[in-house]
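Asker: Sharing structure_7.cif here; it has mmCIF, C-alpha atoms and all ligand atoms.
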data_start
loop_
_atom_site.label_atom_id
_atom_site.label_comp_id
_atom_site.auth_asym_id
_atom_site.auth_seq_id
_atom_site.Cartn_x
_atom_site.Cartn_y
_atom_site.Cartn_z
CA MET L 1 -4.10 50.65 -92.19
CA GLN L 2 -7.00 49.07 -94.06
CA GLN L 3 -4.90 48.81 -97.20
CA GLU L 4 -2.06 47.13 -95.37
CA ALA L 5 -4.47 44.66 -93.82
CA GLY L 6 -5.78 43.80 -97.27
CA ARG L 7 -2.26 43.16 -98.49
CA ALA L 8 -1.17 41.00 -95.58
CA GLY L 9 -1.15 37.23 -95.89
CA ALA L 10 -2.52 36.79 -92.40
CA LEU L 11 -4.02 38.91 -89.65
CA LEU L 12 -3.24 38.60 -85.97
CA THR L 13 -5.71 40.36 -83.71
CA ILE L 14 -4.71 40.90 -80.10
CA ASP L 15 -7.62 41.88 -77.90
CA LEU L 16 -6.26 44.10 -75.14
CA LYS L 17 -9.75 44.47 -73.69
CA ALA L 18 -9.83 40.71 -73.11
CA LEU L 19 -6.29 40.89 -71.70
CA ARG L 20 -7.42 43.53 -69.21
CA ALA L 21 -10.48 41.49 -68.29
CA ASN L 22 -8.18 38.53 -67.63
CA PHE L 23 -5.98 40.69 -65.42
CA ARG L 24 -9.03 41.85 -63.44
CA TYR L 25 -10.22 38.26 -63.12
CA LEU L 26 -6.88 37.06 -61.74
CA GLN L 27 -6.62 40.06 -59.41
CA ALA L 28 -10.11 39.30 -58.06
CA ARG L 29 -9.16 35.67 -57.59
CA LEU L 30 -6.05 36.74 -55.66
CA GLY L 31 -8.03 38.82 -53.18
CA ARG L 32 -5.55 40.76 -51.09
CA ALA L 33 -2.48 39.46 -52.89
CA VAL L 34 -1.22 41.65 -55.70
CA CYS L 35 -1.35 40.57 -59.33
CA GLY L 36 1.82 41.23 -61.34
CA ALA L 37 2.42 40.05 -64.90
CA ALA L 38 5.03 38.06 -66.79
CA VAL L 39 5.70 39.96 -70.02
CA LYS L 40 8.90 38.11 -70.95
CA ALA L 41 9.49 36.92 -74.51
CA ASP L 42 7.67 39.96 -75.94
CA ALA L 43 4.67 39.21 -73.72
CA TYR L 44 4.55 35.64 -74.98
CA GLY L 45 4.70 36.86 -78.57
CA LEU L 46 1.81 39.33 -78.21
CA GLY L 47 3.94 42.49 -78.00
CA ALA L 48 5.51 43.51 -74.69
CA ILE L 49 4.94 47.24 -75.16
CA PRO L 50 1.20 47.36 -76.01
CA VAL L 51 0.51 44.50 -73.58
CA SER L 52 2.42 46.14 -70.71
CA LYS L 53 0.80 49.52 -71.32
CA ALA L 54 -2.65 47.93 -71.23
CA LEU L 55 -1.81 46.06 -68.00
CA VAL L 56 -0.44 49.21 -66.39
CA ALA L 57 -3.60 51.07 -67.38
CA GLU L 58 -5.49 48.31 -65.58
CA GLY L 59 -3.46 48.90 -62.41
CA CYS L 60 -0.59 46.43 -62.79
CA ARG L 61 2.56 47.68 -61.00
CA HIS L 62 4.86 44.65 -61.26
CA LEU L 63 6.18 43.46 -64.64
CA PHE L 64 8.48 40.46 -65.01
CA VAL L 65 10.83 39.86 -67.93
CA ALA L 66 13.57 37.27 -68.31
CA GLN L 67 16.49 39.35 -69.55
CA LEU L 68 17.97 42.80 -68.93
CA GLU L 69 17.73 43.67 -72.62
CA GLU L 70 13.96 43.15 -72.48
CA ALA L 71 13.71 45.36 -69.40
CA ILE L 72 15.68 48.19 -71.01
CA SER L 73 13.53 48.29 -74.13
CA LEU L 74 10.36 48.14 -72.05
CA ARG L 75 11.48 50.85 -69.62
CA ALA L 76 11.38 53.50 -72.35
CA HIS L 77 7.59 53.02 -72.48
CA ILE L 78 6.74 52.33 -68.85
CA ALA L 79 6.77 54.91 -66.02
CA ARG L 80 9.38 54.40 -63.32
CA ASP L 81 6.81 53.80 -60.59
CA VAL L 82 6.06 50.45 -62.25
CA ALA L 83 8.61 47.82 -61.24
CA ILE L 84 10.31 45.82 -64.00
CA TYR L 85 11.93 42.69 -62.59
CA VAL L 86 14.56 40.76 -64.54
CA MET L 87 14.17 37.11 -63.63
CA HIS L 88 17.58 36.00 -64.88
CA GLY L 89 19.30 38.59 -62.71
CA SER L 90 22.16 40.69 -64.01
CA PRO L 91 24.48 39.51 -66.75
CA VAL L 92 27.93 39.47 -65.10
CA GLY L 93 29.25 43.03 -64.93
CA TYR L 94 26.06 44.84 -65.98
CA GLU L 95 24.66 45.56 -62.50
CA ALA L 96 24.96 49.35 -62.90
CA GLU L 97 22.56 49.29 -65.86
CA PHE L 98 19.80 48.14 -63.53
CA VAL L 99 20.20 51.36 -61.57
CA GLU L 100 20.42 53.44 -64.73
CA TYR L 101 17.20 52.02 -66.17
CA GLY L 102 15.37 51.61 -62.88
CA CYS L 103 15.03 47.85 -63.20
CA THR L 104 15.14 45.32 -60.38
CA PRO L 105 17.10 42.06 -60.58
CA VAL L 106 15.88 38.72 -59.33
CA LEU L 107 19.02 37.40 -57.61
CA ASN L 108 19.40 33.67 -58.19
CA SER L 109 22.78 32.82 -56.69
CA LEU L 110 25.21 33.97 -54.02
CA ASP L 111 27.38 35.36 -56.82
CA GLN L 112 24.54 37.52 -58.10
CA ILE L 113 23.80 38.61 -54.53
CA ALA L 114 27.46 39.53 -53.96
CA ALA L 115 27.68 41.60 -57.14
CA TRP L 116 24.49 43.49 -56.25
CA ARG L 117 25.70 44.07 -52.68
CA ASN L 118 29.03 45.37 -53.97
CA LEU L 119 27.29 47.90 -56.19
CA ALA L 120 25.11 49.04 -53.27
CA GLN L 121 28.17 49.51 -51.08
CA GLU L 122 30.08 51.29 -53.80
CA ARG L 123 27.18 53.73 -54.21
CA MET L 124 26.68 53.92 -50.43
CA THR L 125 22.99 53.22 -50.88
CA SER L 126 20.48 50.42 -50.62
CA LEU L 127 19.41 48.67 -53.83
CA PRO L 128 16.17 46.74 -54.37
CA ALA L 129 16.04 43.10 -55.42
CA ILE L 130 13.99 39.94 -55.34
CA ILE L 131 15.79 36.83 -54.12
CA GLN L 132 14.74 33.55 -55.68
CA ILE L 133 14.94 30.25 -53.80
CA ASP L 134 14.82 26.89 -55.53
CA THR L 135 12.09 24.80 -53.90
CA GLY L 136 12.45 21.79 -56.17
CA MET L 137 12.30 22.81 -59.82
CA ALA L 138 16.10 22.84 -60.02
CA ARG L 139 16.23 25.61 -62.57
CA MET L 140 16.79 28.98 -60.91
CA GLY L 141 17.38 30.39 -57.47
CA LEU L 142 19.48 29.69 -54.39
CA SER L 143 20.15 26.02 -53.75
CA GLN L 144 19.61 24.57 -50.29
CA ALA L 145 23.31 25.03 -49.54
CA GLU L 146 23.29 28.65 -50.71
CA LEU L 147 20.18 29.35 -48.66
CA ARG L 148 21.91 27.90 -45.58
CA ALA L 149 24.90 30.13 -46.22
CA TRP L 150 22.57 33.16 -46.29
CA LEU L 151 20.73 32.06 -43.16
CA ASN L 152 24.10 31.73 -41.42
CA ASP L 153 25.34 35.12 -42.55
CA PHE L 154 22.74 37.78 -43.20
CA SER L 155 25.48 40.31 -43.94
CA LEU L 156 25.56 38.72 -47.42
CA THR L 157 22.56 40.90 -48.25
CA ASP L 158 23.73 44.08 -46.49
CA GLY L 159 22.75 47.03 -48.62
CA ILE L 160 20.15 44.97 -50.50
CA ASP L 161 16.51 45.91 -50.00
CA VAL L 162 14.91 42.47 -50.36
CA GLN L 163 11.47 43.36 -51.69
CA TYR L 164 10.27 39.81 -52.15
CA VAL L 165 11.55 36.28 -51.77
CA MET L 166 10.23 34.20 -54.61
CA SER L 167 10.10 30.65 -55.88
CA HIS L 168 8.51 28.95 -58.87
CA LEU L 169 6.20 25.95 -59.21
CA ALA L 170 7.12 23.11 -61.55
CA CYS L 171 3.72 21.36 -61.94
CA ALA L 172 1.07 23.90 -61.00
CA GLU L 173 -1.23 23.20 -63.97
CA ASP L 174 -1.78 19.68 -62.59
CA GLN L 175 -3.73 20.27 -59.41
CA LEU L 176 -3.27 16.68 -58.25
CA ASP L 177 0.51 16.62 -58.49
CA PRO L 178 1.99 16.17 -55.00
CA MET L 179 4.93 18.33 -56.01
CA ASN L 180 2.73 21.43 -55.55
CA GLY L 181 2.23 20.77 -51.86
CA MET L 182 5.87 19.80 -51.39
CA GLN L 183 7.09 23.02 -52.96
CA LEU L 184 4.58 25.05 -50.93
CA GLN L 185 5.80 23.48 -47.69
CA ALA L 186 9.44 24.03 -48.65
CA PHE L 187 8.71 27.68 -49.46
CA LYS L 188 6.87 28.21 -46.17
CA ASN L 189 9.82 26.72 -44.27
CA VAL L 190 12.22 29.07 -46.04
CA LEU L 191 10.02 32.08 -45.25
CA ALA L 192 9.68 31.12 -41.59
CA GLN L 193 13.46 31.00 -41.24
CA LEU L 194 14.04 34.24 -43.12
CA ARG L 195 11.33 36.10 -41.21
CA LEU L 196 13.26 35.59 -37.97
CA GLN L 197 15.70 38.10 -39.45
CA PHE L 198 13.39 40.06 -41.78
CA PRO L 199 9.97 40.12 -40.06
CA ASN L 200 8.27 42.09 -42.85
CA LEU L 201 9.63 40.04 -45.73
CA LYS L 202 7.14 39.65 -48.58
CA ALA L 203 6.81 36.64 -50.83
CA SER L 204 5.93 35.79 -54.44
CA PHE L 205 5.18 32.22 -55.46
CA SER L 206 2.47 31.65 -58.05
CA ASN L 207 2.44 31.75 -61.81
CA SER L 208 -0.95 31.58 -63.61
CA SER L 209 -1.73 28.02 -62.62
CA GLY L 210 -0.52 28.53 -59.06
CA ILE L 211 -3.23 31.16 -58.54
CA PHE L 212 -5.80 28.39 -59.08
CA LEU L 213 -4.27 26.12 -56.42
CA GLY L 214 -5.91 28.21 -53.73
CA SER L 215 -5.13 31.07 -51.41
CA ASP L 216 -2.33 29.16 -49.63
CA TYR L 217 -0.36 29.67 -52.81
CA HIS L 218 -1.01 33.40 -53.23
CA PHE L 219 1.33 35.08 -50.69
CA ASP L 220 1.90 38.78 -51.50
CA LEU L 221 2.50 38.94 -55.24
CA ALA L 222 1.64 36.61 -58.13
CA ARG L 223 3.36 36.50 -61.53
CA PRO L 224 0.87 35.17 -64.09
CA GLY L 225 1.72 35.14 -67.77
CA ALA L 226 -0.09 32.51 -69.84
CA ALA L 227 -3.55 32.96 -68.30
CA LEU L 228 -3.46 36.68 -69.03
CA TYR L 229 -2.94 35.79 -72.68
CA GLY L 230 -5.85 33.35 -72.74
CA VAL L 231 -4.09 30.03 -72.14
CA ALA L 232 -6.07 27.65 -69.93
CA PRO L 233 -4.49 27.63 -66.44
CA VAL L 234 -5.79 24.31 -65.14
CA ALA L 235 -5.27 21.05 -67.04
CA GLY L 236 -8.51 19.21 -67.73
CA GLN L 237 -10.80 22.05 -66.66
CA GLU L 238 -12.76 24.52 -68.70
CA SER L 239 -10.83 27.77 -68.87
CA PRO L 240 -12.24 30.86 -67.18
CA MET L 241 -9.93 33.08 -69.21
CA GLN L 242 -11.06 35.12 -72.20
CA SER L 243 -9.26 34.45 -75.46
CA VAL L 244 -6.93 37.27 -76.45
CA VAL L 245 -5.50 36.09 -79.76
CA GLN L 246 -7.25 35.62 -83.07
CA LEU L 247 -5.36 34.49 -86.17
CA GLN L 248 -6.76 34.55 -89.70
CA GLY L 249 -4.98 33.44 -92.86
CA ARG L 250 -5.92 34.35 -96.40
CA ILE L 251 -6.83 31.98 -99.23
CA ILE L 252 -4.40 32.42 -102.15
CA GLN L 253 -6.05 29.94 -104.52
CA THR L 254 -8.15 26.79 -104.66
CA ARG L 255 -8.00 23.77 -106.96
CA GLU L 256 -9.89 20.57 -107.69
CA ILE L 257 -7.85 17.39 -107.45
CA PRO L 258 -8.80 13.89 -108.58
CA MET L 259 -9.06 10.83 -106.37
CA GLY L 260 -5.56 9.48 -105.68
CA ALA L 261 -3.75 12.80 -106.04
CA SER L 262 -1.37 13.77 -103.25
CA VAL L 263 -1.03 17.17 -101.60
CA GLY L 264 2.15 18.94 -100.55
CA TYR L 265 5.75 18.04 -99.82
CA SER L 266 6.52 14.35 -99.43
CA LYS L 267 2.92 13.53 -100.49
CA THR L 268 1.85 12.78 -96.93
CA TRP L 269 -1.86 13.13 -97.77
CA ARG L 270 -3.72 11.56 -100.66
CA ALA L 271 -7.27 12.25 -101.80
CA THR L 272 -9.57 9.24 -101.38
CA GLN L 273 -12.16 11.01 -103.55
CA PRO L 274 -12.17 14.04 -105.85
CA SER L 275 -11.44 16.98 -103.55
CA ARG L 276 -11.19 20.74 -103.42
CA ILE L 277 -8.03 22.13 -101.84
CA ALA L 278 -7.47 25.70 -100.63
CA THR L 279 -3.97 27.10 -100.16
CA VAL L 280 -3.64 29.61 -97.30
CA SER L 281 -0.72 31.97 -96.76
CA VAL L 282 0.51 30.87 -93.34
CA GLY L 283 3.38 28.43 -92.85
CA TYR L 284 5.95 27.23 -90.40
CA ALA L 285 7.99 30.41 -91.00
CA ASP L 286 5.05 32.16 -89.34
CA GLY L 287 5.12 29.84 -86.36
CA TRP L 288 2.33 27.65 -87.70
CA LEU L 289 4.21 24.59 -86.53
CA ARG L 290 5.11 21.86 -88.99
CA SER L 291 3.90 19.33 -86.43
CA LEU L 292 0.37 20.48 -87.36
CA SER L 293 0.81 18.70 -90.70
CA ASN L 294 -2.27 16.53 -91.33
CA CYS L 295 -3.65 17.18 -87.84
CA GLY L 296 -4.41 20.89 -87.59
CA VAL L 297 -7.76 22.41 -88.49
CA ALA L 298 -9.10 25.75 -89.70
CA HIS L 299 -12.59 27.24 -89.73
CA ILE L 300 -14.33 28.88 -92.66
CA ALA L 301 -17.57 30.65 -91.76
CA GLY L 302 -17.81 28.41 -88.72
CA VAL L 303 -17.23 25.15 -90.61
CA GLU L 304 -14.24 23.10 -89.49
CA VAL L 305 -11.90 22.07 -92.31
CA PRO L 306 -8.89 19.78 -91.91
CA MET L 307 -5.37 20.77 -92.84
CA VAL L 308 -4.08 18.20 -95.31
CA GLY L 309 -0.51 17.59 -96.39
CA ASN L 310 2.61 18.93 -94.76
CA VAL L 311 2.83 22.49 -93.50
CA SER L 312 5.12 24.40 -95.89
CA MET L 313 7.30 27.38 -95.02
CA ASP L 314 4.75 29.91 -96.27
CA THR L 315 1.54 27.95 -96.84
CA ILE L 316 -0.85 25.34 -95.57
CA THR L 317 -3.40 23.39 -97.58
CA LEU L 318 -6.96 22.74 -96.45
CA ASN L 319 -9.46 20.18 -97.63
CA VAL L 320 -12.43 22.45 -98.35
CA SER L 321 -14.49 19.95 -100.32
CA HIS L 322 -17.48 20.51 -98.03
CA VAL L 323 -17.37 24.29 -97.94
CA ALA L 324 -19.70 26.39 -100.11
CA PRO L 325 -17.59 27.48 -103.13
CA GLU L 326 -18.66 31.12 -102.84
CA LEU L 327 -16.74 31.29 -99.53
CA LEU L 328 -13.51 30.20 -101.18
CA TYR L 329 -12.46 33.24 -103.19
CA PRO L 330 -8.85 34.49 -103.27
CA GLY L 331 -8.37 36.86 -100.35
CA ALA L 332 -11.04 35.20 -98.18
CA LEU L 333 -10.01 34.90 -94.53
CA VAL L 334 -9.96 31.56 -92.76
CA ASP L 335 -9.84 31.30 -88.98
CA LEU L 336 -6.78 29.54 -87.58
CA ILE L 337 -6.95 30.61 -83.93
CA CYS L 338 -10.51 31.50 -82.94
CA PRO L 339 -13.05 30.65 -80.23
CA ASP L 340 -13.79 27.36 -82.09
CA ASN L 341 -10.09 26.49 -82.22
CA THR L 342 -8.37 28.02 -79.23
CA VAL L 343 -4.65 28.38 -78.58
CA ASP L 344 -4.93 25.36 -76.29
CA GLN L 345 -6.65 23.27 -78.98
CA VAL L 346 -4.05 24.23 -81.59
CA ALA L 347 -1.34 23.33 -79.09
CA LYS L 348 -2.88 19.93 -78.53
CA GLN L 349 -3.09 19.27 -82.27
CA ALA L 350 0.59 20.27 -82.59
CA GLY L 351 1.70 18.17 -79.63
CA THR L 352 2.86 21.15 -77.59
CA ILE L 353 1.56 23.71 -75.09
CA GLY L 354 -0.25 27.00 -75.65
CA TYR L 355 2.86 28.88 -74.51
CA GLU L 356 4.80 27.63 -77.52
CA ILE L 357 2.00 28.44 -79.98
CA LEU L 358 1.89 32.03 -78.69
CA THR L 359 5.64 32.62 -78.53
CA SER L 360 5.98 31.23 -82.08
CA LEU L 361 3.51 33.74 -83.60
CA GLY L 362 5.38 35.12 -86.55
CA PRO L 363 6.66 38.55 -87.58
CA ARG L 364 4.88 38.48 -90.96
CA TYR L 365 1.42 38.72 -89.49
CA GLN L 366 -0.36 42.03 -89.81
CA ARG L 367 -0.96 42.82 -86.15
CA HIS L 368 -4.01 44.64 -84.94
CA TYR L 369 -4.53 45.61 -81.31
CA VAL L 370 -8.07 46.05 -80.03
CA ASP L 371 -8.35 48.90 -77.51
CA GLU L 372 -4.68 49.86 -77.57
CA VAL L 373 -3.75 52.28 -74.77
C1 LIG B 1 7.33 32.48 -67.00
C2 LIG B 1 7.30 32.58 -65.52
C3 LIG B 1 6.13 32.98 -64.85
C4 LIG B 1 4.80 33.08 -65.56
O1 LIG B 1 4.32 31.76 -65.77
P1 LIG B 1 2.92 31.40 -66.43
O2 LIG B 1 2.84 29.93 -66.32
O3 LIG B 1 2.97 31.87 -67.84
O4 LIG B 1 1.87 32.10 -65.66
C5 LIG B 1 6.20 33.21 -63.49
N1 LIG B 1 7.36 33.03 -62.82
C6 LIG B 1 8.49 32.62 -63.42
C7 LIG B 1 9.71 32.44 -62.60
C8 LIG B 1 8.50 32.36 -64.78
O5 LIG B 1 9.61 31.93 -65.36
#
Taking this structure as input, can you express it in the form of structure tokens?
Ligand SMILES: *Cc1c(COP(=O)(O)O)cnc(C)c1O
Answerer:
Amino acid sequence: MQQEAGRAGALLTIDLKALRANFRYLQARLGRAVCGAAVKADAYGLGAIPVSKALVAEGCRHLFVAQLEEAISLRAHIARDVAIYVMHGSPVGYEAEFVEYGCTPVLNSLDQIAAWRNLAQERMTSLPAIIQIDTGMARMGLSQAELRAWLNDFSLTDGIDVQYVMSHLACAEDQLDPMNGMQLQAFKNVLAQLRLQFPNLKASFSNSSGIFLGSDYHFDLARPGAALYGVAPVAGQESPMQSVVQLQGRIIQTREIPMGASVGYSKTWRATQPSRIATVSVGYADGWLRSLSNCGVAHIAGVEVPMVGNVSMDTITLNVSHVAPELLYPGALVDLICPDNTVDQVAKQAGTIGYEILTSLGPRYQRHYVDEV
């Protein structure tokens, strides 16, 4: 293990203790509502299997993925008493695989509902599902017209055990956006109508940011992803979440360049004085986004150093003129994602969101899990 780490161009450390602390924090914030977890897209790039196992060890019983394929590969590692929900619902014709693997579809259309009901009737049993309602995001879930059709004919869900009705917020990270309140009201109206028929119907509404909009938004089950992984849940506010990801790249070599020399492809940076440049073995092929060219930073022994020149496929270049030379040996680690340069800060430098930084984390990194279950 140690040897491999020494060989690797970059080290990605994923702190499952911090992840579990974040889960506990969100669960405490939710009070009586239950905290689930979005582990789609390989748990936002952090590794769906180790992340899910850690969350389950912390008491999580509701995991959300996007696609059936993700659910099947996760199920092999997760006990059947933990629900795995597939937010895209079933691919057409693959409903039976949900039963086989003990996974639960989120039904997003009358067609998906009909296919699930047909399977239930064929098997002469009742099958669990979540039904998603679109409350304004216009991405997934029953439209207003489809909802009306259901309200007019509850036999559409005969044989379906509707465990939750859910919807998804479009702007939850911006606490002042009026869309939050509009979606909340729309969701409450839907629930009031459905509860005339299903008095015990449970509801799921909030992602990470939704949890911070207050208890009105909590309902029975929340589905946080990003905040668990250390992304700040509320725009413009200090994050209460612990950071989970640490990324360190290795110096390959350093060089002195004269005033006027350019660095990297397309010579987008030029030295205005004699400079020392360090080349580090992380590039856009590792998900270190090319948009960080000339605006990202790294830290060496706590000192911030600017990235200069374009990000290459396999390397970045740092202006280390002000760093003590004894820190700049080949093999030295430089901090790329660290408490001084969080996922959210890197995202800002790259002109994107923390979600994209995490889900871009590359396959070449030597991964190390702290407190793996
Ligand atoms: C991705 C997703 C979540 C989790 O969102 P975060 O913002 O990462 O907390 C919850 N619900 C749905 C429907 C999603 O697509």
Asker: Applying 12 Å and all atoms listed in the file, which residues near segment 341-347 of chain L remain after dropping the ones on its own chain fewer than 5 positions away? List them as a ChimeraX atom specification.
Answerer: /L:226-227,229-239,241-248,287-293,295-300,302-307,334-336,352-361
Asker: Applying 9 Å and only C-alpha atoms, which residues near segment 144-160 of chain L remain after dropping the ones on its own chain fewer than 6 positions away? List them as an MDAnalysis selection string.
Answerer: chainID L and resid 109:110 113:114 116:121 124:129 133:135 190 193:194 197
Asker: Which residues are near segment 181-183 of chain L? Cut-off 12 Å, all atoms listed in the file, ignore same chain within fewer than 4 positions. Put them as a list of chain:residue names.
Answerer: L:Ile133, L:Asp134, L:Thr135, L:Gly136, L:Met137, L:Ala138, L:Met166, L:Ser167, L:His168, L:Leu169, L:Ala170, L:Cys171, L:Ala172, L:Asp174, L:Gln175, L:Leu176, L:Asp177, L:Phe187, L:Lys188, L:Asn189, L:Val190, L:Phe205, L:Ser206, L:Gly210, L:Leu213, L:Gly214, L:Asp216, L:Tyr217
Asker: Taking only C-alpha atoms and all ligand atoms into account, report as a PyMOL selection string which residues have an atom no farther than 6 Å from an atom of ligand LIG 1 (chain B).
Answerer: chain L and resi 38+168+207-208+223-226
Asker: As an exercise, work out the distance from atom CA of Pro274 of chain L to atom CA of Ile257 of chain L in Å and give it to one decimal place.
Answerer: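 The value is 5.7 Å.
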Asker: Using all atoms listed in the file, which protein or nucleic acid residues come within 10 Å of segment 14-28 of chain L? Drop anything in the same chain fewer than 4 positions from it, and give the result as a PDB file with C-alpha atoms, in the frame of the given file.
Answerer:
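Okay, this is what ended up in result.pdb:
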ATOM      1  CA  ARG L  32      -5.550  40.760 -51.090  1.00  0.00           C
ATOM      2  CA  ALA L  33      -2.480  39.460 -52.890  1.00  0.00           C
ATOM      3  CA  VAL L  34      -1.220  41.650 -55.700  1.00  0.00           C
ATOM      4  CA  CYS L  35      -1.350  40.570 -59.330  1.00  0.00           C
ATOM      5  CA  GLY L  36       1.820  41.230 -61.340  1.00  0.00           C
ATOM      6  CA  ALA L  37       2.420  40.050 -64.900  1.00  0.00           C
ATOM      7  CA  LEU L  46       1.810  39.330 -78.210  1.00  0.00           C
ATOM      8  CA  GLY L  47       3.940  42.490 -78.000  1.00  0.00           C
ATOM      9  CA  PRO L  50       1.200  47.360 -76.010  1.00  0.00           C
ATOM     10  CA  VAL L  51       0.510  44.500 -73.580  1.00  0.00           C
ATOM     11  CA  SER L  52       2.420  46.140 -70.710  1.00  0.00           C
ATOM     12  CA  LYS L  53       0.800  49.520 -71.320  1.00  0.00           C
ATOM     13  CA  ALA L  54      -2.650  47.930 -71.230  1.00  0.00           C
ATOM     14  CA  LEU L  55      -1.810  46.060 -68.000  1.00  0.00           C
ATOM     15  CA  VAL L  56      -0.440  49.210 -66.390  1.00  0.00           C
ATOM     16  CA  ALA L  57      -3.600  51.070 -67.380  1.00  0.00           C
ATOM     17  CA  GLU L  58      -5.490  48.310 -65.580  1.00  0.00           C
ATOM     18  CA  GLY L  59      -3.460  48.900 -62.410  1.00  0.00           C
ATOM     19  CA  CYS L  60      -0.590  46.430 -62.790  1.00  0.00           C
ATOM     20  CA  SER L 208      -0.950  31.580 -63.610  1.00  0.00           C
ATOM     21  CA  ILE L 211      -3.230  31.160 -58.540  1.00  0.00           C
ATOM     22  CA  PHE L 212      -5.800  28.390 -59.080  1.00  0.00           C
ATOM     23  CA  ALA L 222       1.640  36.610 -58.130  1.00  0.00           C
ATOM     24  CA  PRO L 224       0.870  35.170 -64.090  1.00  0.00           C
ATOM     25  CA  GLY L 225       1.720  35.140 -67.770  1.00  0.00           C
ATOM     26  CA  ALA L 227      -3.550  32.960 -68.300  1.00  0.00           C
ATOM     27  CA  LEU L 228      -3.460  36.680 -69.030  1.00  0.00           C
ATOM     28  CA  TYR L 229      -2.940  35.790 -72.680  1.00  0.00           C
ATOM     29  CA  GLY L 230      -5.850  33.350 -72.740  1.00  0.00           C
ATOM     30  CA  PRO L 240     -12.240  30.860 -67.180  1.00  0.00           C
ATOM     31  CA  MET L 241      -9.930  33.080 -69.210  1.00  0.00           C
ATOM     32  CA  GLN L 242     -11.060  35.120 -72.200  1.00  0.00           C
ATOM     33  CA  SER L 243      -9.260  34.450 -75.460  1.00  0.00           C
ATOM     34  CA  VAL L 244      -6.930  37.270 -76.450  1.00  0.00           C
ATOM     35  CA  VAL L 245      -5.500  36.090 -79.760  1.00  0.00           C
ATOM     36  CA  GLN L 246      -7.250  35.620 -83.070  1.00  0.00           C
ATOM     37  CA  LEU L 247      -5.360  34.490 -86.170  1.00  0.00           C
ATOM     38  CA  ARG L 367      -0.960  42.820 -86.150  1.00  0.00           C
ATOM     39  CA  HIS L 368      -4.010  44.640 -84.940  1.00  0.00           C
ATOM     40  CA  TYR L 369      -4.530  45.610 -81.310  1.00  0.00           C
ATOM     41  CA  VAL L 370      -8.070  46.050 -80.030  1.00  0.00           C
ATOM     42  CA  ASP L 371      -8.350  48.900 -77.510  1.00  0.00           C
ATOM     43  CA  GLU L 372      -4.680  49.860 -77.570  1.00  0.00           C
ATOM     44  CA  VAL L 373      -3.750  52.280 -74.770  1.00  0.00           C
TER      45      VAL L 373
END
Asker: Hey, can I get the axis-aligned box for segment 273-282 of chain L? All listed atoms, 4 Å padding on each side, centre and edge lengths in Å to one decimal, as AutoDock Vina command-line options.
Answerer:
--center_x -5.8 --center_y 21.5 --center_z -99.6 --size_x 20.7 --size_y 29.0 --size_z 20.5
